[in-house]
Each structure stands twice: as structure tokens, then as C-alpha cells.
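This report concerns only the one structure given below.
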Amino acid sequence: MPADFDLRSSALQPKDQPAGHGGKPLEREFVRFTRLQRTLHACMIVSFLSLATTGLTLKFSYTKWAAMVSRFLGGFQVAGFIHRTAAILMFGVFFVHLYNLVQVKRREYKSWRELLLGPSTMLPMPEDARQFIATMKWFVGAGPRPQYGRWSYWEKFDYFAVFWGIAVIGSTGLTLWFPIFFTRFLPGPFINIATVIHSDEALLATGFIFTVHFFNTHLRPEKFPMDTTIFTGHMPVRELKRDKPLEYEKLVASGRLEEHLEEPQPEIVVRTIRVFAWIALSIGFSIVVWIIYAMLFAYK
Amino acid sequence: MRPLDDFEELAGESMPTQPIRRLFAPGIALPLFLTAGTLCFAAPPPQSPSTDDCLACHSDKTMTTKRGARTVSLFVDGKKFSSSVHGSLACVSCHADLDGKDLPHATPLARVECGTCHSDEQKQHSHSLHGKAIARGDTLAPHCVDCHGNHDIVPVKDPRSAVAPLRVPFVCGRCHQEGTPVQTQRQIDQHNILENFSESIHGQALLKKGLVVAPNCASCHTPHNILPHTDPNSSIARRNIAATCTKCHAEIEQVHRKTIRGELWEKEAHVLPACVDCHQPHKIRNVFYTQGMADADCMRCHDNERLKAKDGRSMYVNAAEVARSRHANPRTQAAPIACSQCHSEVNVSRVRPCETITHPVDCTKCHEDQGQQYQRSKHGQLLAANDPNAPTCKECHGTHRILDKHDPDSRTFPTNVPSLCGSCHREGQRAAVRYVGTQHEIIQHYRESIHGKGLLQSGLTVTATCTNCHTAHMVLPKADPQSTVNPKNVPATCGACHHGIEEQFEQSVHSRLITNTDKELPVCNDCHSAHTIRRTDETGFMLDIMDKCGRCHEEIAKTYFDTYHGKVSRLGYTKTAKCYDCHGAHDILRVADPRSHLSRANVVATCQKCHSTATRRFAGYLTHATHHDPKRYPFLFWTFWGMTTLLVSTFVISGMHTLLWLPRALEMRRDLKAEEAREEADRRNGANGKSVDEENHHAG
């Protein structure tokens with residue numbers, strides 16, 4: 001691994017560099033997410049879990065579980081308050097992200113075209129289709145692991161799932177929140193329709209996040225017990241090289257890898273992040289179990 | 001038995017034929033002739049059948065008909081009829097419903113209305129005990145014919161008359177003697193009436209000595225205006241009995257007046273003993289009454305605390321208790337009720353006057369209505385069946401210490417009633433163990449109910465207690481149509497206090513007066529329950545009501561729970577719209593009814609009760625919509641299945657993606673571990689070399 005050694009030997013070592021075990025300087029890590037992105041993700045977790053928990057008590061109100069959770073939260077009214085507050089937070093996350101996109105474009109990109117069609121784009125590209133097919137081949141043992149870039153196709157899917165979810169669940173949610181305002185220009189039965197859409201789309205979102213997203217990004221065996229990149233923002237360089245070889249090679253080729261390296265987060269921060277992440281995961285899994293129980297054994 | 005033999009003789013007497021028919025013949029012939037004359041000239045109009053027409057059939061002795069299970073002879077003795085007081089009349093005069101009918105006529109004929117001619121008697125009769133029994137539908141109650149006969153009625157003075165003085169005791173005795181249905185099944189507090197009468201001085205004079213002036217039943221009770229002694233208009237009422245007796249015993253009054261302080265007799269007859277207090281009805285003997293049975297006489301023995309009956313029961317009577325009791329201060333008379341008024345059958349001529357007592361105290365002599373109700377009640381039915389568990393008057397009211405129900409010390413004071421009934425109906429007690437219905441722990445439940453709390457905790461004596469709903473004396477099981485807790489009667493029972501609610505309810509779609517259906521309609525207790533009734537603003541009631549309505553309105557309740565209102569109610573939110581918030585509670589009407597809370601004119605206002613700014617379009621929200629019904633709610637159905645398809649396909653695709661990934665990911669993990677182990681080993685080797693170098697360096 002010459003590159004690794006190069007990296008370590010050529011790394012600039014600040015004077016107040018924190019010391020690792022045995023007093024050795026720590027390996028510098030690749031910065032994948034900015035502080036704002038990490039904060040938004042954490043807010044999203046808090047808001048999403050709150051929305052899911054409180055919303056599902058209503059959807060599965062016929063289970064004893066639901067009544068229990070609702071009582072635990074302080075009754076239906078408090079649950080409703082939490083749901084709406086979390087919804088505001090979710091909208092906030094959404095709009096801050098959009099605003100941030102504008103800022104990023106102004107700071108780092110010359111045009112929207114460059115941002116949206118450049119190598120770091122979130123938009124689905126023909127390359128993603130090729131990678132998807134290559135991945136399928138890899139899955140069945142008919143080819144090597146594809147060389148993924150900064151954003152793999154499943155990460156792009158997750159990203160746009162949120163856009164879709166916010167649009168669908170958010171708009172129907174607002175209809176249910178302010179039915180009298182919306183029935184000024186919509187007929188009454190639209191509230192019924194909004195209820196069905198809101199509730200089923202929410203079921204899709206929670207089910208997807210707590211199973212597929214958890215597996216794909218946090219709990220894949222090679223990353224077990226957990227990939228905390230989204231929380232720390234950091235990714236070991238060797239992992240970048242392995243997981244996102246295309247991006248790594250591009251950075252090395254352009255000689256700008258160094259710009260993207262930072263000291264690791266202090267131990268206490270990492271530990272706190274792990275606790276937070278595990279709590280979120282446990283809540284998510286509990287909700288999945290509850291959903292399965294409610295859908296299969298208590299469905300009415 | 002002698003008197004009955006006499007009766008047989010009387011009945012067996014041959015009837016002397018009388019030439020009445022000849023006298024009345026022109027009376028009959030004339031109308032017949034006229035009718036015939038008319039017939040000759042006019043086209044035959046519908047013609048009333050003549051007596052002869054009737055007899056053409058009815059003189060056949062074998063003519064019978066079936067009435068129920070009985071075979072009844074339809075034979076009419078033409079001779080007897082023509083010699084009767086009504087011999088001059090045509091059949092149709094009484095059988096008025098045959099007037100203008102062709103023969104043979106339809107059967108059965110209507111009951112003959114004697115009152116058309118005998119209106120005074122009819123009026124008296126219908127106000128009498130017998131008449132009221134008929135009005136109640138009592139099949140044992142006597143009609144005119146039962147005493148007077150039908151086609152063979154002769155004047156009362158005629159010894160052949162069924163109601164001639166000598167025959168009256170037997171006419172009345174047909175029903176009023178031991179063993180008859182009337183005596184066993186109806187509330188008659190006199191026993192052995194006919195027997196006692198025939199052995200009494202009146203009976204012996206009438207029946208043995210043939211003194212037709214001696215009093216018979218009708219002399220005291222009147223022929224038609226027979227009323228219970230508790231009725232102030234009765235000839236045998238306490239106030240009137242002296243007048244009734246003095247119809248014959250004119251001098252007695254003066255004798256009595258001399259004996260007892262003069263003018264009181266007329267002014268306040270009720271404070272003095274009445275004739276019957278000493279001379280018991282039907283048993284009047286020509287003994288010399290030296291004294292009445294004064295309470296003091298009883299207490300001579302019963303004041304002894306150790307006095308015991310043969311079976312060991314204490315026979316001690318606490319005089320102080322009696323003096324405090326309601327019977328010592330009765331409402332109906334100034335004088336206390338004497339011992340012997342309850343413990344009747346005492347005989348003052350005996351040394352121990354009570355040794356002639358054969359029957360237990362019969363409260364119904366005075367408390368007649370209560371007695372009748374009791375006899376009809378489940379308690380009374382059990383007593384009639386000799387059930388040892390049957391409660392009698394004294395089980396609830398006590399004996400000598402009996403108090404008014406308004407006296408807080410009384411066992412029947414409202415706050416004491418639950419424990420009084422509970423003494424048998426509490427779980428494990430004798431009534432509860434034989435009970436097979438659905439109501440359990442009733443006393444405990446009642447105590448926790450809104451009524452029980454009102455009565456026992458708040459001390460509101462107007463609150464409903466056991467007897468308010470079940471009645472005190474006519475307690476009947478729910479299944480009995482006369483029971484106050486029979487579904488049919490429940491609204492009226494609850495309405496006795498909750499009158500305003502009853503008025504609303506009776507106008508609602510649930511009322512039997514409004515909805516005609518074979519299905520069971522709900523009444524008060526179906527929603528409010530019986531013994532566990534609670535405040536309607538309590539969480540429990542509010543959340544249970546949907547299931548209560550859902551017992552009948554199954555589908556609509558299910559769809560309610562599919563909507564927001566239903567779901568949050570399941571989570572325990574009581575402020576959300578429940579069935580009655582939209583449909584009304586007691587004043588539920590069909591949605592199509594313009595007065596309904598959900599009619600087009602009212603629905604927006606109904607929504608506005610909670611959603612204060614609701615508009616008409618907002619009211620278009622489907623409160624019972626379900627996505628399971630493609631016919632009624634196609635848009636919801638297809639939205640639901642569209643969403644479900646999206647959901648399922650997303651999960652199938654991403655699930656397969658993940659599952660295919662898993663083996664590769666595990667493979668990567670293995671490779672990674674191996675690589676890490678290799679690196680670790682390299683590093684260890686490298687580190688060892690380094691430290692050796694350092695040591696050497698230091699040493700150098």
C-alpha cells in the first residue's frame with residue numbers, strides 16, 4: 001500500500017495534533033460530509049423517528065401497542081403536538097438543504113449545470129444505469145465489484161426518496177393539519193384521500209428507511225457494526241479507496257486528496273455519536289417489528 | 001255440608017210453568033205481523049231474525065260449539081225464555097249485533113250489553129271490583145250472566161231467581177269459597193268465606209231458618225257496587241261499615257253510642273272500633289262480646305322476654321318498638337293499629353284468644369294494592385310455589401318495629417335499600433346463587449355507579465335506588481312484559497326521573513313509537529348499562545359508546561374506526577367526535593330527517609361544535625369512509641391499492657437487491673478481516689524491529 005504510506009509520511013502534522021494510542025499521531029481521515037450535512041441528517045433522524053412513532057400510533061391505533069406508546073408519550077394530544085413539531089423540523093431540514101445547495105453553487109460551482117451534471121451530481125446519470133447492471137452481475141458472480149464514484153446509485157435513490165416523501169407526505173400532511181383551509185378549494189372527500197396517501201406513503205418511508213437504508217448504508221457486513229460516516233463526516237482513506245475507488249482515484253490524480261483530509265473526531269464525540277446512532281437504530285428496528293406485527297397479526 | 005244440601009234442593013225444585021207466554025204473545029205477534037205485512041209489499045230488505053227464527057235452530061238440544069277447549073251448548077229453552085223477564089223482547093234486542101243480519105249468522109256473537117237497558121247497574125258494576133277486574137282483562141272476573149244467568153232470568157223476588165236472597169251466598173260462593181281459582185289465585189284476604197258465612201248467625205238465619213230478610217252477601221257488599229274495604233266509597237269501608245250494619249241493626253248504633261263516648265260515633269267513626277273489629281266479617285256469632293281484644297291483653301303474655309313458641313321462636317314483643325312503629329301512628333286513622341287488627345282470628349271468648357289463629361299475619365288486608373303487586377311479583381310467585389327463599393312482607397319491612405319509608409331508621413329508607421336488597425341479591429347470597437342472568441356483583445356495581453354514588457356518597461335520597469327501577473312490590477324479571485325493567489318499559493322507568501330525556505328518546509329513531517321493526521331496539525340500559533351506570537362525561541363511558549352502538553350498527557362502527565375520529569378515540573382521546581356528538585344521543589333521527597343533526601340544514605353547525613370555522617365543503621369529509629369498499633368509495637379504494645402497489649413493488653425490488661448483496665458483502669467482510677490480520681502482523685513485526693533499533697541507539 002504505497003499510497004497509504006505516502007499519505008502518512010507526507011501528512012502535515014500540526015503542533016497540537018491529538019495523540020492516539022501509544023502517543024502515535026492519528027491517521028488523518030477523508031471528509032465526506034460537511035458539518036451542516038451531518039447536522040441536517042441528525043435533525044432528520046430526530047424528526048423522522050418522532051413522526052414515525054407518533055404517526056404509527058394513529059395508523060395502528062387498533063393495537064394495544066399503539067395505545068401504550070401514545071400513553072407513554074403523554075396522550076394523543078401530546079403525540080399530535082410532537083408529530084406537528086417534528087414535521088416543521090423536517091420541512092426546515094428540507095429548506096435549509098435547498099438553501100445550502102444554492103450557497104454551494106455560488107461558492108464552488110460556476111453554474112447550475114456544473115453542479116447538477118458534474119461528477120459529484122446527485123442526479124441519476126447514464127453511468128448509474130451501467131453501474132446498476134454491473135452490480136447485478138457482481139451479485140450473481142458474473143463480474144467484479146463495480147468502481148463506484150462519490151454517489152452510488154442506491155445513495156442517489158435514497159436521496160430522491162426523501163424529496164418524493166417530503167412532497168407526498170408533506171403536502172397530504174398539511175391538508176390533514178389544516179383541513180378547513182384546504183377544503184376551501186378542495187372537496188371534503190379529498191381529506192379522506194389525503195389520509196390514505198399520507199398513511200400508506202409514511203408506511204413505505206418508514207419501512208424502507210428502517211430496513212433497506214439501514215442495511216445499505218449503515219449495517220452492511222463489511223461495515224459492521226456500523227458505518228458512522230454520516231455522523232462523524234469522516235471516512236478512513238483506505239475505506240474511501242475501497243468503497244469509492246472512482247472518487248479516490250480522481251482525487252489522487254488531481255492531487256487534491258490532501259485538501260479533503262482532517263484529523264479524526266475526538267474519542268468522546270465518536271462515542272456519543274455511536275450511542276445516538278444505536279438508539280436511533282433500535283427505535284427504527286422496534287418500529288419495524290411493530291409494523292410487521294400490526295400488519296400481519298393484528299390487521300383490521 | 002248442610003247449606004250446600006239446601007242449595008241442591010233449591011236448585012232441584014221444579015219450575016212451575018207460567019202462562020206468561022200467552023200474555024206476551026200479542027207483543028211478539030204484532031211486530032211479526034207488521035214485518036210480514038211489509039214483506040208483502042216491499043222488496044225484501046235485510047231483515048232482523050225473529051225469536052222464532054232463532055229458535056228454529058237453537059231449540060235443538062244437541063247444538064253445541066267449541067270455545068277454546070270447552071264444548072258449550074247453544075240450546076235455548078224457548079219455554080223458559082218466554083217465561084223470563086225478557087220474554088217480551090226479541091232475541092236481537094239483546095243480541096244487537098244480529099240486527100238486520102241474515103241467518104245463519106256468523107259466530108261468535110258479541111257479548112250482550114245489559115247496560116243498554118240497565119244502565120245504572122252497569123255503571124256501578126263497571127266501577128266495582130268486578131268491573132275493574134274485567135277491564136284489566138281478568139278472565140275470572142264475573143260478567144252479568146255469571147250471576148244472573150242468561151235466557152232464564154226471572155224477577156229477584158221470584159224464588160227461582162239466581163239472585164234470590166237464599167241463593168245469593170251460593171252464587172257468590174261459586175267463586176268465593178276455598179279451593180276455587182279466585183280464592184287461590186287472586187288476592188282475597190278472607191278465608192273460608194262461604195263456610196264461615198253459613199255457620200255465622202247471618203248464614204244460619206238465612207240458610208237454615210230460611211229467613212229471607214237475614215242478610216246475604218249483597219246486603220253488606222251491595223249487589224253491583226262491590227268495592228274493597230280500602231276504598232272509601234265501599235259499603236264495608238271503615239267509615240261506612242256502621243251505616244251498612246245499621247241498615248238492619250238500627251238499635252245497635254244507640255247501644256254502641258251509649259257504651260262508647262256518644263257523639264264520636266258519627267263525627268269520627270274512624271277512631272272507634274268498627275263493627276267488624278269485634279264481629280269479624282263472615283264469622284259473626286251470637287256470642288256476647290264483653291270486651292274487644294285490647295293490646296294490653298296481648299301484652300299480658302307477650303311482654304315476657306322469655307316467652308317462646310313450641311318451635312323455640314321468641315314470642316316476646318317489645319312494646320317500645322311497637323310504640324315507635326308506623327302502625328302506632330298510622331296515617332289513615334288517629335288510633336294506633338291494634339294487635340288484633342294484624343293478628344286477626346283471635347277469639348276473645350277464649351282464655352288464650354290467640355289460640356284460634358290459624359294464618360300468619362296478612363298485611364294485604366290493609367295494604368291491598370301492595371299485596372296484589374306482590375302476588376304478581378317474582379317474590380310472590382316464589383312464595384306461591386312454597387319456595388323457602390321467597391321473601392315475604394316482613395323480610396323487607398320487619399315486624400313490630402316497622403317504620404315509614406321516609407324515616408331514616410327504616411329498612412326501606414332509600415339509603416338502606418341497597419343493603420336490604422343486597423341481603424339476598426349480593427353475590428353468594430340466596431337470590432344471587434340461583435340467578436342465571438347476566439347481571440353480577442349488582443350491589444357492588446350499584447355502589448360504584450352514578451346512582452349509587454349519588455345515594456350513598458352524596459346522600460341524595462332522590463337518587464334512584466333498587467326499588468325505583470325494579471319497583472318495591474312488583475319486582476319481575478326482565479323477560480316479563482309487565483316488568484318495569486322489560487325493554488319495552490325501560491324508557492318509562494328511567495323517564496320517571498329523567499323525564500326530559502324520555503321525551504327526546506320517544507321521538508327518536510330508536511323509539512318503539514317511531515320505528516316499527518321486529519328487530520330489537522335499544523333502550524336506556526343498552527347504552528348506559530344497568531347497575532354499572534356512570535356519568536356520561538367519564539372517559540370510560542365516552543370511549544365505550546362506539547362499541548355499544550357497534551353492537552347493532554356493526555359495519556358503520558367499523559368504518560368509523562377507519563377514520564381519524566375513530567382512530568384517535570382508540571388512543572383514548574375523548575374529545576374527538578363520538579357517535580353521539582354527530583348523531584345526537586337521545587334525539588337520534590334518520591339522516592334524511594330534516595330535524596336530524598346531520599341533515600343538510602344542520603350538518604355544518606354539527607361540525608362546528610368542534611371545528612368552529614367549518615364550512616359546507618369541510619362537512620363533505622366522509623366520516624365513515626373505508627378503502628375496503630370499491631362500490632361506495634371507488635376513489636379511496638383505488639388510491640389505497642395504488643399506494644399499496646407502489647409500496648409492495650418498492651419493497652420487492654429493494655428487498656431482492658439487498659438479499660443479493662448480502663453474500664457479496666459477507667465475502668468482502670472475510671477478505672477485509674484477512675487483510676487486517678495481515679497488516680496487523682506486518683505492523684507487529686515492523687514495530688518490534690523499531691524498538692530493538694531504539695534500544696540499541698540508547699545503548700550506543
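Identifiers in this document derive from the order of the C-alpha cells: chains are assigned A, B, ..., residues are numbered from 1 separately in each chain, and ligands are numbered from 1 in order of occurrence.
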query = In segment 16-181 of chain B, what's helix (DSSP H, G or I) per DSSP? Answer as a count of residues only?
reply = 75
ask   = Near chain A, which residues of chain B fall within 6 Å when you count only C-alpha atoms, and what do they look like as a PyMOL selection string?
value = chain B and resi 567+570-571+617-618+620-622+636+647+660-661+665-666+668-669
Could you write out the selected residues, including C-alpha atoms, as a compact mmCIF listing (two decimals), in the first residue's frame?
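So result.txt came out as:
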# COMPACT_ATOMS: atom_id res chain seq x y z
CA LYS B 567 -58.50 6.09 15.39
CA ARG B 570 -58.95 4.22 20.17
CA LEU B 571 -55.93 6.03 21.56
CA ARG B 617 -67.34 21.78 1.88
CA PHE B 618 -65.45 20.74 5.01
CA GLY B 620 -68.20 16.85 2.97
CA TYR B 621 -65.49 14.85 4.76
CA LEU B 622 -66.61 11.22 4.77
CA LEU B 636 -60.45 5.67 -1.82
CA LEU B 647 -45.25 0.04 -1.53
CA LEU B 660 -28.47 -10.49 -3.44
CA TRP B 661 -25.98 -8.10 -1.95
CA ALA B 665 -20.95 -8.22 1.43
CA LEU B 666 -20.10 -11.18 3.66
CA MET B 668 -15.96 -8.64 1.36
CA ARG B 669 -16.01 -8.80 5.15
Find the residues around Val213 of chain B up to 9 Å (only C-alpha atoms counted), leave out those fewer than 5 positions away in its own chain, and share them as a PDB file with N, CA and C atoms, in the first residue's frame.
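Result went into out-v7.pdb, see below:
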ATOM      1  N   PRO B 165    -132.538 -13.995  47.572  1.00  0.00           N
ATOM      2  CA  PRO B 165    -131.730 -13.921  48.807  1.00  0.00           C
ATOM      3  C   PRO B 165    -131.151 -15.273  49.235  1.00  0.00           C
ATOM      4  N   ALA B 205    -129.358 -17.990  59.945  1.00  0.00           N
ATOM      5  CA  ALA B 205    -130.715 -17.442  59.831  1.00  0.00           C
ATOM      6  C   ALA B 205    -131.212 -17.555  58.394  1.00  0.00           C
ATOM      7  N   LEU B 206    -130.339 -17.253  57.482  1.00  0.00           N
ATOM      8  CA  LEU B 206    -130.745 -17.240  56.070  1.00  0.00           C
ATOM      9  C   LEU B 206    -130.929 -18.656  55.542  1.00  0.00           C
TER      10      LEU B 206
END
key: Minimum-distance residue to Val85 of chain B, chosen among B:His367, B:Arg684, B:Lys157, B:Arg70 (using only C-alpha atoms)   = B:Lys157
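Taking segment 3-246 of chain B and asking which residues DSSP calls strand (DSSP E or B) on the backbone, you get Thr64, Thr65, Lys66, Arg67, Arg70, Thr71, Val72 and Ser73 of chain B.
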Restricting it to N, CA and C atoms, dump the selection as an mmCIF file, in the first residue's frame.
data_model
loop_
_atom_site.group_PDB
_atom_site.id
_atom_site.type_symbol
_atom_site.label_atom_id
_atom_site.label_comp_id
_atom_site.auth_asym_id
_atom_site.auth_seq_id
_atom_site.Cartn_x
_atom_site.Cartn_y
_atom_site.Cartn_z
ATOM 1 N N THR B 64 -124.164 -27.509 19.747
ATOM 2 C CA THR B 64 -123.020 -27.085 20.598
ATOM 3 C C THR B 64 -122.015 -26.311 19.758
ATOM 4 N N THR B 65 -121.100 -25.699 20.456
ATOM 5 C CA THR B 65 -119.961 -25.074 19.764
ATOM 6 C C THR B 65 -118.726 -25.255 20.632
ATOM 7 N N LYS B 66 -117.586 -25.011 20.013
ATOM 8 C CA LYS B 66 -116.312 -25.115 20.777
ATOM 9 C C LYS B 66 -115.876 -23.720 21.182
ATOM 10 N N ARG B 67 -115.568 -23.555 22.464
ATOM 11 C CA ARG B 67 -114.927 -22.292 22.872
ATOM 12 C C ARG B 67 -113.633 -22.645 23.577
ATOM 13 N N ARG B 70 -113.410 -25.919 25.579
ATOM 14 C CA ARG B 70 -114.706 -26.327 26.131
ATOM 15 C C ARG B 70 -115.734 -26.522 25.029
ATOM 16 N N THR B 71 -116.668 -27.413 25.306
ATOM 17 C CA THR B 71 -117.826 -27.549 24.429
ATOM 18 C C THR B 71 -118.992 -26.869 25.126
ATOM 19 N N VAL B 72 -119.613 -25.943 24.438
ATOM 20 C CA VAL B 72 -120.672 -25.150 25.057
ATOM 21 C C VAL B 72 -121.980 -25.438 24.319
ATOM 22 N N SER B 73 -123.020 -25.654 25.121
ATOM 23 C CA SER B 73 -124.329 -25.904 24.492
ATOM 24 C C SER B 73 -124.905 -24.596 23.981
#
request  = Could you check how far atom CA of Val490 of chain B sits from atom CA of Val523 of chain B, in Å to one decimal?
outcome  =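 Calculated distance between atom CA of Val490 of chain B and atom CA of Val523 of chain B is 6.5 Å.
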List as JSON lines every residue of segment 205-266 of chain A that is in contact with segment 278-284 of chain A, defined as an atom at most 10 Å from one of its atoms (using only C-alpha atoms), together with the nearest atom pair and the distance in Å rounded to one decimal, sorted by chain and then rising number.
{"residue": "A:Thr206", "atom": "CA", "partner": "A:Gly284", "partner_atom": "CA", "distance": 8.1}
{"residue": "A:Gly207", "atom": "CA", "partner": "A:Gly284", "partner_atom": "CA", "distance": 9.0}
{"residue": "A:Ile209", "atom": "CA", "partner": "A:Gly284", "partner_atom": "CA", "distance": 8.3}
{"residue": "A:Phe210", "atom": "CA", "partner": "A:Gly284", "partner_atom": "CA", "distance": 5.4}
{"residue": "A:Thr211", "atom": "CA", "partner": "A:Gly284", "partner_atom": "CA", "distance": 8.5}
{"residue": "A:Phe214", "atom": "CA", "partner": "A:Leu281", "partner_atom": "CA", "distance": 7.9}
{"residue": "A:His218", "atom": "CA", "partner": "A:Leu281", "partner_atom": "CA", "distance": 9.5}
{"residue": "A:Leu219", "atom": "CA", "partner": "A:Leu281", "partner_atom": "CA", "distance": 9.9}
{"residue": "A:Pro225", "atom": "CA", "partner": "A:Trp278", "partner_atom": "CA", "distance": 9.9}
{"residue": "A:Met226", "atom": "CA", "partner": "A:Trp278", "partner_atom": "CA", "distance": 8.8}
key: Who sits within 10 Å of Asp146 of chain B, only C-alpha atoms, same chain under 2 positions skipped, as a list in words   = Ala141, Pro142, His143, Cys144, His148, Gly149, Asn150, Ala162, Val171, Cys172 and Arg174 of chain B
task = In Å, rounded to a single decimal, give me how far atom CA of Asn468 of chain B is from atom CA of Ile588 of chain B.
result =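 Straight-line distance from atom CA of Ile588 of chain B to atom CA of Asn468 of chain B works out to 26.5 Å.
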inquiry  = Just want the 6 Å neighbourhood of Val31 of chain A, counted on only C-alpha atoms, with same-chain residues fewer than 4 positions away dropped. Output as JSON, numbers by chain.
reply    = {"A": [233, 234, 260, 261]}
Since we have the selection now, will you write its residues out, keeping C-alpha atoms, as a PDB file, in the first residue's frame?
ATOM      1  CA  GLY A 233     -18.383  13.172   8.471  1.00  0.00           C
ATOM      2  CA  HIS A 234     -15.131  11.245   8.250  1.00  0.00           C
ATOM      3  CA  HIS A 260     -10.040  16.710   1.921  1.00  0.00           C
ATOM      4  CA  LEU A 261      -8.248  15.189   4.892  1.00  0.00           C
TER       5      LEU A 261
END
request  = Tell me which of A:Leu257, A:Met295, A:Leu73, A:Ile166 sits closest to Phe91 of chain A, counting only C-alpha atoms.
outcome  =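 Closest candidate: A:Ile166.
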Counting only C-alpha atoms, the option among A:Arg238, A:Tyr248, A:Thr272, A:Ala134 closest to Glu676 of chain B =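 Counting only C-alpha atoms, the residue closest to Glu676 of chain B is A:Arg238.
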